$ cat start-v7.cif   # mmCIF, C-alpha atoms
data_final
loop_
_atom_site.label_atom_id
_atom_site.label_comp_id
_atom_site.auth_asym_id
_atom_site.auth_seq_id
_atom_site.Cartn_x
_atom_site.Cartn_y
_atom_site.Cartn_z
CA MET A 1 18.19 8.67 -17.25
CA GLU A 2 20.16 9.99 -20.19
CA LYS A 3 18.59 11.28 -23.38
CA TRP A 4 19.94 10.02 -26.68
CA TYR A 5 19.62 11.47 -30.16
CA CYS A 6 20.39 10.13 -33.56
CA ARG A 7 20.94 12.22 -36.65
CA ILE A 8 21.65 11.51 -40.26
CA LEU A 9 24.19 13.77 -41.91
CA VAL A 10 22.73 14.24 -45.36
CA TYR A 11 21.84 17.84 -46.07
CA SER A 12 24.06 20.82 -46.46
CA GLY A 13 21.50 23.56 -45.88
CA LEU A 14 18.27 21.99 -44.67
CA PRO A 15 18.21 20.61 -41.12
CA ASP A 16 19.25 16.97 -40.96
CA PRO A 17 16.67 14.44 -39.80
CA TYR A 18 17.06 13.52 -36.17
CA TRP A 19 15.15 11.45 -33.63
CA GLU A 20 15.34 10.41 -30.03
CA ILE A 21 16.04 6.88 -28.86
CA SER A 22 15.82 5.18 -25.50
CA ASP A 23 18.61 4.43 -23.04
CA THR A 24 18.18 0.72 -23.74
CA LEU A 25 18.48 1.10 -27.48
CA ALA A 26 21.55 3.32 -27.14
CA GLU A 27 23.22 0.83 -24.83
CA SER A 28 22.59 -1.98 -27.25
CA ILE A 29 24.23 0.03 -30.06
CA LEU A 30 27.25 0.78 -27.84
CA LEU A 31 27.52 -2.75 -26.43
CA ASP A 32 30.55 -3.82 -28.44
CA PHE A 33 31.98 -0.39 -29.18
CA ASP A 34 34.90 -0.66 -26.76
CA SER A 35 36.07 -3.86 -28.39
CA LEU A 36 36.32 -2.31 -31.85
CA PRO A 37 39.89 -1.76 -33.05
CA PHE A 38 41.30 1.75 -33.07
CA ALA A 39 41.76 3.39 -36.45
CA GLU A 40 44.06 6.29 -35.72
CA GLY A 41 45.23 8.32 -38.68
CA GLU A 42 42.01 7.78 -40.57
CA THR A 43 39.41 10.47 -41.23
CA PHE A 44 36.16 10.89 -43.06
CA ASP A 45 36.04 12.02 -46.66
CA GLU A 46 34.61 15.47 -46.15
CA THR A 47 34.38 16.26 -49.85
CA LEU A 48 31.22 14.19 -50.24
CA THR A 49 27.77 15.66 -50.58
CA GLY A 50 24.61 13.80 -49.72
CA TYR A 51 24.66 11.09 -47.09
CA ARG A 52 27.80 11.39 -44.95
CA GLY A 53 27.03 9.13 -42.04
CA CYS A 54 24.97 9.13 -38.90
CA ILE A 55 25.42 10.38 -35.39
CA LEU A 56 24.54 9.03 -31.97
CA LYS A 57 24.68 11.68 -29.27
CA SER A 58 24.05 11.58 -25.55
CA ASP A 59 22.78 14.65 -23.77
CA ASP A 60 26.00 14.79 -21.75
CA GLY A 61 27.70 15.77 -25.02
CA ARG A 62 29.40 12.52 -26.06
CA LEU A 63 29.05 12.01 -29.78
CA TRP A 64 29.68 9.06 -32.11
CA ARG A 65 29.75 9.60 -35.85
CA ALA A 66 29.77 6.52 -38.08
CA PHE A 67 30.31 6.42 -41.82
CA ASN A 68 31.73 3.99 -44.32
CA GLY A 69 33.63 1.77 -41.93
CA LEU A 70 34.89 4.43 -39.55
CA ILE A 71 33.54 5.71 -36.22
CA GLU A 72 34.61 8.99 -34.65
CA LEU A 73 34.05 9.42 -30.93
CA ASN A 74 34.15 12.86 -29.35
CA ASP A 75 33.98 12.18 -25.62
CA ARG A 76 34.23 15.91 -24.86
CA GLU A 77 37.89 15.62 -23.97
CA LYS A 78 39.36 14.12 -27.08
CA ILE A 79 38.48 12.67 -30.45
CA SER A 80 39.33 9.09 -31.35
CA PHE A 81 38.60 6.77 -34.26
CA ARG A 82 37.60 3.11 -34.41
CA SER A 83 37.12 0.74 -37.29
CA ASP A 84 33.62 -0.41 -38.24
CA LYS A 85 34.57 -2.59 -41.21
CA ASP A 86 31.21 -4.24 -41.78
CA ARG A 87 29.40 -0.99 -40.97
CA SER A 88 27.28 -2.75 -38.38
CA PHE A 89 27.59 0.11 -35.87
CA GLU A 90 26.37 2.50 -38.55
CA ARG A 91 23.53 0.23 -39.59
CA ASN A 92 22.40 -0.24 -35.99
CA ILE A 93 21.99 3.52 -35.61
CA LEU A 94 20.13 3.82 -38.91
CA MET A 95 17.76 1.01 -38.02
CA THR A 96 16.43 3.01 -35.10
CA ALA A 97 15.14 5.70 -37.48
CA PRO A 98 11.38 6.25 -37.67
CA PRO A 99 9.94 4.83 -40.92
CA ASP A 100 9.32 8.15 -42.69
CA ILE A 101 12.86 9.45 -42.30
CA LEU A 102 14.96 7.19 -44.48
CA TYR A 103 14.45 6.92 -48.21
CA LYS A 104 15.99 4.52 -50.65
CA GLU A 105 18.58 6.80 -52.23
CA MET A 106 19.68 8.31 -48.94
CA ILE A 107 21.80 5.45 -47.75
CA ASP A 108 24.55 4.33 -50.03
CA PHE A 109 25.26 0.79 -48.82
CA MET B 1 10.05 69.44 -39.63
CA LYS B 2 12.06 67.50 -37.07
CA LEU B 3 15.65 66.40 -37.01
CA LYS B 4 17.09 63.60 -34.89
CA VAL B 5 20.63 64.46 -33.90
CA THR B 6 23.22 61.99 -32.61
CA ILE B 7 26.53 63.16 -31.28
CA ASP B 8 29.18 60.74 -32.50
CA ILE B 9 31.63 60.70 -29.62
CA PHE B 10 31.71 57.36 -27.86
CA SER B 11 33.26 54.10 -28.93
CA GLY B 12 31.50 51.58 -26.70
CA LEU B 13 28.71 53.46 -24.92
CA GLU B 14 25.59 54.59 -26.73
CA ASN B 15 25.95 58.02 -28.30
CA PRO B 16 23.75 60.84 -26.97
CA THR B 17 20.78 61.52 -29.18
CA PHE B 18 17.89 63.99 -29.20
CA VAL B 19 15.23 65.45 -31.45
CA LEU B 20 15.10 69.08 -32.52
CA ALA B 21 11.76 70.79 -32.94
CA ASP B 22 10.74 72.59 -36.11
CA ARG B 23 12.36 75.97 -35.53
CA GLU B 24 15.61 74.52 -34.15
CA SER B 25 15.77 72.09 -37.07
CA LYS B 26 15.44 74.87 -39.61
CA VAL B 27 18.15 76.88 -37.88
CA LEU B 28 20.46 73.85 -37.99
CA LEU B 29 19.89 73.22 -41.69
CA ASN B 30 20.47 76.88 -42.34
CA LYS B 31 23.92 76.46 -40.88
CA VAL B 32 24.72 73.68 -43.34
CA LYS B 33 25.22 75.14 -46.78
CA LEU B 34 25.92 72.44 -49.34
CA GLN B 35 28.65 73.65 -51.66
CA SER B 36 29.74 70.91 -54.00
CA GLU B 37 29.55 67.17 -54.32
CA LEU B 38 32.79 65.42 -53.43
CA ARG B 39 34.34 63.38 -56.19
CA ALA B 40 35.68 59.92 -55.36
CA SER B 41 39.14 61.13 -56.33
CA GLU B 42 39.08 63.67 -53.51
CA LYS B 43 39.60 60.80 -51.06
CA ILE B 44 37.78 62.35 -48.15
CA ILE B 45 36.71 59.77 -45.60
CA ARG B 46 34.55 59.85 -42.51
CA PRO B 47 36.51 60.54 -39.33
CA PHE B 48 37.80 57.51 -37.54
CA HIS B 49 39.66 58.89 -34.53
CA LEU B 50 38.63 58.35 -30.89
CA GLY B 51 36.65 61.06 -29.15
CA TYR B 52 34.27 63.54 -30.73
CA ARG B 53 34.01 62.94 -34.47
CA GLY B 54 30.88 64.69 -35.74
CA ILE B 55 27.09 64.68 -35.70
CA ILE B 56 24.56 62.41 -37.36
CA VAL B 57 21.48 64.27 -38.50
CA GLU B 58 18.39 62.43 -39.67
CA GLN B 59 15.29 64.01 -41.14
CA VAL B 60 12.53 62.23 -39.22
CA GLU B 61 9.54 64.45 -40.02
CA GLU B 62 8.61 66.56 -43.08
CA PRO B 63 11.97 66.08 -44.77
CA VAL B 64 13.31 68.69 -47.13
CA LYS B 65 14.55 67.63 -50.53
CA ASP B 66 17.66 69.77 -50.57
CA PHE B 67 19.36 67.58 -47.98
CA PRO B 68 19.89 63.83 -47.69
CA LEU B 69 17.58 62.06 -45.27
CA HIS B 70 20.56 60.76 -43.34
CA MET B 71 23.65 63.00 -42.96
CA TYR B 72 26.94 62.78 -41.15
CA ILE B 73 28.39 66.24 -40.57
CA SER B 74 32.00 66.65 -39.62
CA GLY B 75 33.71 70.01 -40.10
CA LYS B 76 33.56 71.00 -43.77
CA HIS B 77 32.11 67.73 -44.98
CA LEU B 78 28.69 66.15 -45.12
CA PHE B 79 28.48 62.43 -45.79
CA GLY B 80 25.19 61.13 -47.13
CA LYS B 81 24.18 57.55 -47.91
CA GLU B 82 24.95 57.94 -51.58
CA LYS B 83 26.78 61.25 -52.02
CA ASN B 84 29.20 63.34 -50.01
CA TYR B 85 29.51 67.10 -50.03
CA SER B 86 31.77 69.87 -48.97
CA ILE B 87 29.86 72.39 -46.87
CA GLU B 88 30.37 75.89 -45.63
CA GLU B 89 31.26 75.56 -42.00
CA LYS B 90 28.77 77.73 -40.11
CA ASP B 91 29.04 76.27 -36.61
CA ALA B 92 26.37 73.62 -37.08
CA GLU B 93 28.21 71.35 -34.66
CA SER B 94 28.54 74.01 -31.96
CA TYR B 95 24.86 74.85 -32.39
CA VAL B 96 23.60 71.35 -31.55
CA LEU B 97 25.67 71.26 -28.38
CA LYS B 98 23.26 73.84 -26.95
CA PHE B 99 20.59 71.12 -26.78
CA LEU B 100 22.29 68.53 -24.59
CA ASN B 101 19.52 68.98 -22.04
CA LYS B 102 17.21 67.22 -24.51
CA VAL B 103 19.26 63.99 -24.34
CA LYS B 104 17.24 61.20 -22.74
CA ASN B 105 18.94 58.00 -23.92
CA VAL B 106 22.12 58.36 -21.88
CA ASP B 107 22.81 59.78 -18.47
CA LEU B 108 25.19 62.63 -19.20
CA LYS B 109 27.22 63.59 -16.19
CA ARG B 110 27.70 67.14 -15.01
CA GLY B 111 30.54 68.67 -16.86
CA PHE B 112 29.83 66.77 -20.07
CA ASP B 113 28.78 69.99 -21.80
CA ASN B 114 32.15 71.62 -21.05
CA TYR B 115 33.97 68.44 -21.90
CA ILE B 116 32.38 68.11 -25.31
CA VAL B 117 33.19 71.71 -26.23
CA LYS B 118 36.85 70.88 -25.63
CA GLU B 119 36.43 67.67 -27.62
CA LEU B 120 35.06 69.65 -30.54
CA GLU B 121 38.16 71.85 -30.50
CA ILE B 122 40.38 68.76 -30.47
CA ALA B 123 38.46 67.37 -33.41
CA LYS B 124 38.94 70.61 -35.36
CA ASP B 125 42.64 70.38 -34.66
CA ILE B 126 42.77 66.78 -35.88
CA ARG B 127 40.84 67.69 -39.02
CA ALA B 128 43.24 70.51 -39.80
CA LYS B 129 46.21 68.17 -39.57
CA LEU B 130 44.76 65.21 -41.50
CA ASP B 131 46.68 64.36 -44.62
CA TYR B 132 44.28 62.27 -46.68
CA ASP B 133 46.86 61.55 -49.35
CA LYS B 134 49.13 60.01 -46.77
CA ILE B 135 46.27 58.00 -45.28
CA PHE B 136 45.37 56.57 -48.66
CA GLU B 137 49.01 55.79 -49.34
CA LEU B 138 49.11 53.68 -46.20
CA ILE B 139 45.86 51.81 -46.57
CA TRP B 140 45.53 51.44 -50.34
CA PRO B 141 45.74 49.14 -52.14
CA PRO B 142 44.91 46.81 -49.25
CA PHE B 143 45.27 43.66 -51.28
CA VAL B 144 49.04 44.12 -51.28
CA LEU B 145 49.03 43.60 -47.54
CA ALA B 146 46.33 41.04 -47.04
CA GLY B 147 45.65 38.98 -50.17
CA PRO B 148 43.44 39.37 -53.22
CA CYS B 149 40.18 39.50 -51.24
CA PHE B 150 41.09 41.91 -48.51
CA CYS B 151 37.75 41.88 -46.72
CA ALA B 152 37.07 38.15 -46.96
CA PRO B 153 37.43 35.65 -44.11
CA LYS B 154 40.43 33.39 -43.77
CA TYR B 155 40.08 29.64 -44.28
CA GLU B 156 40.28 28.28 -40.71
CA PRO B 157 38.96 24.71 -40.83
CA GLU B 158 40.33 23.84 -37.40
CA TRP B 159 38.00 26.41 -35.85
CA TRP B 160 34.87 25.05 -37.55
CA ASN B 161 35.76 21.35 -37.43
CA ASP B 162 35.76 20.70 -33.70
CA GLY B 163 33.81 17.44 -33.97
CA GLY B 164 31.29 18.95 -31.56
CA THR B 165 28.94 21.91 -31.23
CA VAL B 166 30.59 24.19 -33.77
CA GLN B 167 30.83 21.55 -36.48
CA TYR B 168 27.45 19.88 -35.99
CA GLY B 169 25.52 22.99 -34.96
CA ASN B 170 26.46 25.12 -37.97
CA ASN B 171 25.72 24.47 -41.61
CA CYS B 172 26.78 25.77 -45.03
CA TYR B 173 24.87 29.02 -44.51
CA ASN B 174 26.57 29.70 -41.17
CA TYR B 175 29.94 28.95 -42.68
CA ALA B 176 29.50 30.94 -45.88
CA THR B 177 28.42 34.03 -43.98
CA ASN B 178 31.11 33.34 -41.36
CA TYR B 179 28.56 33.57 -38.58
CA ARG B 180 28.30 30.89 -35.93
CA THR B 181 24.84 30.52 -34.37
CA ASP B 182 24.86 26.83 -33.32
CA THR B 183 21.30 26.70 -34.67
CA TYR B 184 22.00 25.29 -38.12
CA ALA B 185 20.86 28.60 -39.55
CA GLN B 186 18.15 28.66 -42.21
CA PRO B 187 17.85 31.41 -44.84
CA GLY B 188 15.06 33.79 -43.93
CA LYS B 189 14.46 32.49 -40.43
CA ALA B 190 15.94 35.58 -38.73
CA SER B 191 14.03 37.97 -40.95
CA GLY B 192 10.64 36.26 -40.99
CA ASN B 193 10.87 35.01 -44.57
CA LEU B 194 11.94 31.39 -44.08
CA ARG B 195 12.77 29.38 -47.17
CA THR B 196 10.15 26.74 -47.93
CA VAL B 197 10.56 23.10 -48.93
CA PRO B 198 10.96 21.39 -51.27
CA ILE B 199 13.97 23.37 -52.44
CA SER B 200 13.00 23.20 -56.07
CA SER B 201 14.74 26.09 -57.83
CA CYS B 202 16.71 29.29 -57.48
CA THR B 203 13.78 31.65 -57.79
CA ASP B 204 10.49 32.13 -56.00
CA SER B 205 7.20 30.91 -57.35
CA ALA B 206 3.66 30.68 -56.00
CA GLY B 207 3.90 29.35 -52.46
CA TYR B 208 7.68 28.84 -52.71
CA VAL B 209 10.23 31.02 -50.96
CA SER B 210 13.60 30.25 -52.47
CA PRO B 211 16.75 30.24 -50.35
CA LYS B 212 17.90 33.17 -52.49
CA SER B 213 15.08 35.52 -51.59
CA ALA B 214 15.15 34.27 -48.01
CA ALA B 215 18.84 35.16 -47.77
CA ILE B 216 18.17 38.58 -49.27
CA SER B 217 15.65 39.12 -46.47
CA ASP B 218 18.40 38.27 -43.98
CA GLY B 219 20.53 41.03 -45.46
CA LEU B 220 22.71 39.29 -48.03
CA ILE B 221 23.05 41.34 -51.21
CA ASP B 222 22.31 39.64 -54.51
CA THR B 223 25.17 40.30 -56.93
CA PRO B 224 24.52 38.03 -59.91
CA GLY B 225 27.01 39.93 -62.05
CA ALA B 226 29.88 39.57 -59.57
CA ASN B 227 31.61 37.14 -61.91
CA ASN B 228 33.76 35.69 -59.11
CA LYS B 229 35.30 39.07 -58.23
CA CYS B 230 35.85 40.04 -54.59
CA PRO B 231 33.61 42.84 -53.40
CA ARG B 232 35.02 45.60 -51.28
CA PRO B 233 33.81 45.83 -48.57
CA GLY B 234 32.34 42.46 -47.68
CA HIS B 235 32.96 39.00 -49.06
CA LEU B 236 31.47 36.91 -51.84
CA VAL B 237 29.31 33.83 -51.36
CA ALA B 238 27.61 31.58 -53.90
CA LEU B 239 24.31 29.74 -53.69
CA VAL B 240 23.63 26.41 -55.40
CA VAL B 241 20.60 24.15 -55.27
CA ALA B 242 20.05 20.40 -55.49
CA PRO B 243 16.53 20.24 -56.96
CA PRO B 244 14.16 17.29 -56.57
CA PRO B 245 14.30 14.37 -56.93
CA ALA B 246 17.53 14.87 -54.91
CA PHE B 247 17.32 13.78 -51.30
CA GLY B 248 14.09 11.91 -51.76
CA GLY B 249 12.30 14.96 -53.15
CA SER B 250 13.10 17.66 -50.58
CA GLY B 251 16.00 19.05 -52.58
CA ASP B 252 18.58 21.09 -50.68
CA PHE B 253 20.63 24.24 -50.92
CA HIS B 254 24.34 24.82 -50.37
CA TRP B 255 26.60 27.84 -49.99
CA TYR B 256 30.24 28.51 -50.77
CA ARG B 257 32.38 31.41 -49.66
CA LYS B 258 35.36 33.14 -51.30
CA GLY B 259 38.24 33.51 -48.88
CA ASN B 260 40.88 36.17 -48.53
CA ASN B 261 43.27 34.15 -50.69
CA GLY B 262 40.75 34.23 -53.54
CA LEU B 263 39.87 30.53 -53.32
CA TRP B 264 36.51 29.11 -52.32
CA THR B 265 35.66 26.88 -49.36
CA HIS B 266 32.47 25.39 -48.00
CA LYS B 267 30.96 23.30 -45.23
CA PRO B 268 28.45 20.64 -46.25
CA GLY B 269 25.97 20.77 -43.41
CA GLY B 270 27.29 19.16 -40.25
CA GLY B 271 30.32 17.91 -42.12
CA ALA B 272 33.72 19.52 -41.94
CA ALA B 273 34.63 22.79 -43.60
CA THR B 274 36.76 22.03 -46.62
CA ASN B 275 38.51 23.75 -49.49
CA LEU B 276 37.89 20.85 -51.86
CA ASP B 277 35.02 20.08 -54.20
CA SER B 278 33.30 16.72 -54.42
CA VAL B 279 36.12 15.18 -56.46
CA GLY B 280 38.93 16.55 -54.31
CA ASN B 281 39.96 19.64 -56.28
CA THR B 282 40.48 23.12 -54.84
CA ILE B 283 37.75 25.52 -55.85
CA SER B 284 38.61 28.55 -57.89
CA ASP B 285 35.05 29.09 -59.11
CA PRO B 286 31.93 27.39 -57.67
CA ARG B 287 30.25 27.67 -61.07
CA THR B 288 32.66 25.12 -62.46
CA ALA B 289 33.43 23.09 -59.33
CA LYS B 290 32.12 19.54 -59.03
CA ARG B 291 29.07 19.82 -56.81
CA GLY B 292 27.39 16.41 -56.67
CA SER B 293 23.61 16.77 -56.60
CA TYR B 294 23.78 20.57 -56.31
CA THR B 295 23.46 21.04 -60.01
CA LEU B 296 21.85 24.48 -60.14
CA PHE B 297 24.12 27.49 -59.74
CA CYS B 298 21.81 30.26 -58.52
CA THR B 299 23.80 33.41 -57.88
CA PHE B 300 26.65 35.22 -56.21
CA MET B 301 25.84 37.29 -53.16
CA LYS B 302 27.73 39.81 -51.11
CA VAL B 303 27.95 39.51 -47.33
CA LEU B 304 28.58 42.77 -45.54
CA HIS B 305 29.92 42.05 -42.08
CA GLY B 306 27.51 43.14 -39.40
CA HIS B 307 24.80 44.00 -41.93
CA PHE B 308 22.82 40.80 -41.85
CA LYS B 309 21.20 38.49 -39.35
CA LEU B 310 21.06 34.74 -39.05
CA LYS B 311 19.04 32.34 -36.94
#
$ encode --input "start-v7.cif" --output "structure tokens"
Amino acid sequence: MEKWYCRILVYSGLPDPYWEISDTLAESILLDFDSLPFAEGETFDETLTGYRGCILKSDDGRLWRAFNGLIELNDREKISFRSDKDRSFERNILMTAPPDILYKEMIDF
Amino acid sequence: MKLKVTIDIFSGLENPTFVLADRESKVLLNKVKLQSELRASEKIIRPFHLGYRGIIVEQVEEPVKDFPLHMYISGKHLFGKEKNYSIEEKDAESYVLKFLNKVKNVDLKRGFDNYIVKELEIAKDIRAKLDYDKIFELIWPPFVLAGPCFCAPKYEPEWWNDGGTVQYGNNCYNYATNYRTDTYAQPGKASGNLRTVPISSCTDSAGYVSPKSAAISDGLIDTPGANNKCPRPGHLVALVVAPPPAFGGSGDFHWYRKGNNGLWTHKPGGGAATNLDSVGNTISDPRTAKRGSYTLFCTFMKVLHGHFKLK
């Protein structure tokens, strides 16, 4: 059984909040991922401070980062981008967060 | 009194070291007659060649005031922590070689005692031929060769922004100090003086360890008067704080670093290293850069490579 972690990219210095989720929950988040359109040539705006997206990571090292309509997948061999226009992939990760982790101003939706 | 003597000869292996008893220590110091303090203009530098270079002498018990606590003796020169001297050469280096049998920290092979005597002669020969003026001509001013901040790290975003362990395991503090730990390093954690939360201001108060004093504990050197000038040696970093109510009340801290081209770059947490501020401009001075919630500029600090620890 794989272990899955979620993390919110929000701080610069302090450790970002992170939590573990189940296999089942991770699979439900990834259910439609492969059908999302590719978004090559796009990148995140790395000049922002504060909330900069969220991460879903499996313990085999695969990592999805979602922010503002874009998802980056690092499958350990290459990095690719997909479009998440309605930000549902991002929201689905955030909704798994324990109640004391998210605060109103953190998420700019 | 007691003197700890280290023979500076190796490059990779541990140097032989031993302690001299009271009488031997006094004899050694008697052989080192301080003559005059070296002026900066005299351009004498510690030896840097391979092989035997000199001896390190540390006063470890009942120190005497006439000598620095920590001395590096090489030929006619004594280098202290703060001042350097010319000395009368009275065979201090040859004298300590008589005590190699006291070395316990390394396994000296048979023949080492003869070998090191020859090395000392080679060193004397090198010293006699050194032309310090020529050396300084070649290496000074270094900024002509390498950019305005000679000792500062290069901006290499592709190295930090791998979309994996390096990017997400290292934060602004790792990046600013140019030290990858993959632990999302926290100021003070390595030195037992961890910053506390909330990150409320630049300075300590009752029950609050600021990221500034925590970083000083790690070995960064507070240089509030740096005024955006490159130190030499080392490189310049800057600390800013986002005080509460930012981030739901926890506040946060952030670091920038000045690169060898004189411009500043930073890495916001697990985000990518970038040379742009929060409105997309290059950063010539973090005091005036756009910093989002990080409204408090705390201080400049100097990072001396190898002189700090991070965790």
$ resolve_selection --input "start-v7.cif" --expression "the PyMOL selection byres ((chain A and resi 20-32) around 8)" --output "list in words"
Met1, Glu2, Lys3, Trp4, Tyr5, Cys6, Tyr18, Trp19, Phe33, Asp34, Ser35, Leu36, Phe89, Asn92, Ile93 and Thr96 of chain A
$ residues_around --input "start-v7.cif" --residues "B:Thr181" --least-positions-apart "6" --cutoff "12 Å" --atoms "only C-alpha atoms" --output "list in words"
Trp160, Thr165, Val166, Gln167, Tyr168, Gly169, Asn170, Asn171, Cys172, Tyr173, Asn174, Tyr175, Ala190, Lys309, Leu310 and Lys311 of chain B
$ write_last_selection --input "start-v7.cif" --atoms "C-alpha atoms" --output "PDB file, keeping the file's coordinate frame"
ATOM      1  CA  TRP B 160      34.870  25.050 -37.550  1.00  0.00           C
ATOM      2  CA  THR B 165      28.940  21.910 -31.230  1.00  0.00           C
ATOM      3  CA  VAL B 166      30.590  24.190 -33.770  1.00  0.00           C
ATOM      4  CA  GLN B 167      30.830  21.550 -36.480  1.00  0.00           C
ATOM      5  CA  TYR B 168      27.450  19.880 -35.990  1.00  0.00           C
ATOM      6  CA  GLY B 169      25.520  22.990 -34.960  1.00  0.00           C
ATOM      7  CA  ASN B 170      26.460  25.120 -37.970  1.00  0.00           C
ATOM      8  CA  ASN B 171      25.720  24.470 -41.610  1.00  0.00           C
ATOM      9  CA  CYS B 172      26.780  25.770 -45.030  1.00  0.00           C
ATOM     10  CA  TYR B 173      24.870  29.020 -44.510  1.00  0.00           C
ATOM     11  CA  ASN B 174      26.570  29.700 -41.170  1.00  0.00           C
ATOM     12  CA  TYR B 175      29.940  28.950 -42.680  1.00  0.00           C
ATOM     13  CA  ALA B 190      15.940  35.580 -38.730  1.00  0.00           C
ATOM     14  CA  LYS B 309      21.200  38.490 -39.350  1.00  0.00           C
ATOM     15  CA  LEU B 310      21.060  34.740 -39.050  1.00  0.00           C
ATOM     16  CA  LYS B 311      19.040  32.340 -36.940  1.00  0.00           C
TER      17      LYS B 311
END
$ resolve_selection --input "start-v7.cif" --expression "the PyMOL selection byres ((chain B) within 7 of (chain A))" --output "VMD selection string"
chain B and resid 163 171 to 173 184 247 to 248 252 to 254 268 to 272 274 276 to 280 292
$ atom_distance --input "start-v7.cif" --atom1 "atom CA of B:Val197" --atom2 "atom CA of B:Arg180"
23.3 Å
$ resolve_selection --input "start-v7.cif" --expression "the PyMOL selection byres ((chain A and resi 40) around 12)" --output "CSV table (one decimal) with C-alpha atoms, in the coordinates of the input"
chain,number,residue,atom,x,y,z
A,37,PRO,CA,39.9,-1.8,-33.0
A,38,PHE,CA,41.3,1.8,-33.1
A,39,ALA,CA,41.8,3.4,-36.4
A,41,GLY,CA,45.2,8.3,-38.7
A,42,GLU,CA,42.0,7.8,-40.6
A,43,THR,CA,39.4,10.5,-41.2
A,44,PHE,CA,36.2,10.9,-43.1
A,70,LEU,CA,34.9,4.4,-39.6
A,71,ILE,CA,33.5,5.7,-36.2
A,72,GLU,CA,34.6,9.0,-34.6
A,73,LEU,CA,34.0,9.4,-30.9
A,79,ILE,CA,38.5,12.7,-30.4
A,80,SER,CA,39.3,9.1,-31.4
A,81,PHE,CA,38.6,6.8,-34.3
A,82,ARG,CA,37.6,3.1,-34.4
A,83,SER,CA,37.1,0.7,-37.3
$ atom_distance --input "start-v7.cif" --atom1 "atom CA of B:Phe300" --atom2 "atom CA of B:Glu158"
25.9 Å
$ closest_residue --input "start-v7.cif" --among "B:Leu50, B:Val237, B:Val19, B:Val303" --to "B:Asp285" --atoms "all atoms listed in the file"
B:Val237
$ residues_around --input "start-v7.cif" --residues "stretch 24-38 of chain B" --least-positions-apart "3" --cutoff "9 Å" --atoms "all atoms listed in the file" --output "PDB file with C-alpha atoms, in the coordinates of the input"
ATOM      1  CA  MET B   1      10.050  69.440 -39.630  1.00  0.00           C
ATOM      2  CA  LYS B   2      12.060  67.500 -37.070  1.00  0.00           C
ATOM      3  CA  LEU B   3      15.650  66.400 -37.010  1.00  0.00           C
ATOM      4  CA  LYS B   4      17.090  63.600 -34.890  1.00  0.00           C
ATOM      5  CA  VAL B  19      15.230  65.450 -31.450  1.00  0.00           C
ATOM      6  CA  LEU B  20      15.100  69.080 -32.520  1.00  0.00           C
ATOM      7  CA  ALA B  21      11.760  70.790 -32.940  1.00  0.00           C
ATOM      8  CA  SER B  41      39.140  61.130 -56.330  1.00  0.00           C
ATOM      9  CA  GLU B  42      39.080  63.670 -53.510  1.00  0.00           C
ATOM     10  CA  LYS B  43      39.600  60.800 -51.060  1.00  0.00           C
ATOM     11  CA  ILE B  44      37.780  62.350 -48.150  1.00  0.00           C
ATOM     12  CA  ASP B  66      17.660  69.770 -50.570  1.00  0.00           C
ATOM     13  CA  PHE B  67      19.360  67.580 -47.980  1.00  0.00           C
ATOM     14  CA  ILE B  73      28.390  66.240 -40.570  1.00  0.00           C
ATOM     15  CA  HIS B  77      32.110  67.730 -44.980  1.00  0.00           C
ATOM     16  CA  LEU B  78      28.690  66.150 -45.120  1.00  0.00           C
ATOM     17  CA  LYS B  83      26.780  61.250 -52.020  1.00  0.00           C
ATOM     18  CA  ASN B  84      29.200  63.340 -50.010  1.00  0.00           C
ATOM     19  CA  TYR B  85      29.510  67.100 -50.030  1.00  0.00           C
ATOM     20  CA  SER B  86      31.770  69.870 -48.970  1.00  0.00           C
ATOM     21  CA  ILE B  87      29.860  72.390 -46.870  1.00  0.00           C
ATOM     22  CA  GLU B  88      30.370  75.890 -45.630  1.00  0.00           C
ATOM     23  CA  GLU B  89      31.260  75.560 -42.000  1.00  0.00           C
ATOM     24  CA  LYS B  90      28.770  77.730 -40.110  1.00  0.00           C
ATOM     25  CA  ASP B  91      29.040  76.270 -36.610  1.00  0.00           C
ATOM     26  CA  ALA B  92      26.370  73.620 -37.080  1.00  0.00           C
ATOM     27  CA  GLU B  93      28.210  71.350 -34.660  1.00  0.00           C
ATOM     28  CA  TYR B  95      24.860  74.850 -32.390  1.00  0.00           C
ATOM     29  CA  VAL B  96      23.600  71.350 -31.550  1.00  0.00           C
TER      30      VAL B  96
END
$ atom_distance --input "start-v7.cif" --atom1 "atom CA of B:Lys65" --atom2 "atom CA of B:Val5"
18.0 Å
$ closest_residue --input "start-v7.cif" --among "B:Ala176, B:Thr265, B:Gly219, B:Ser293" --to "B:Leu239" --atoms "all atoms listed in the file"
B:Ala176
$ residues_around --input "start-v7.cif" --residues "B:Ser200" --least-positions-apart "5" --cutoff "7 Å" --atoms "only C-alpha atoms" --output "list in words"
Pro243, Pro244 and Gly251 of chain B
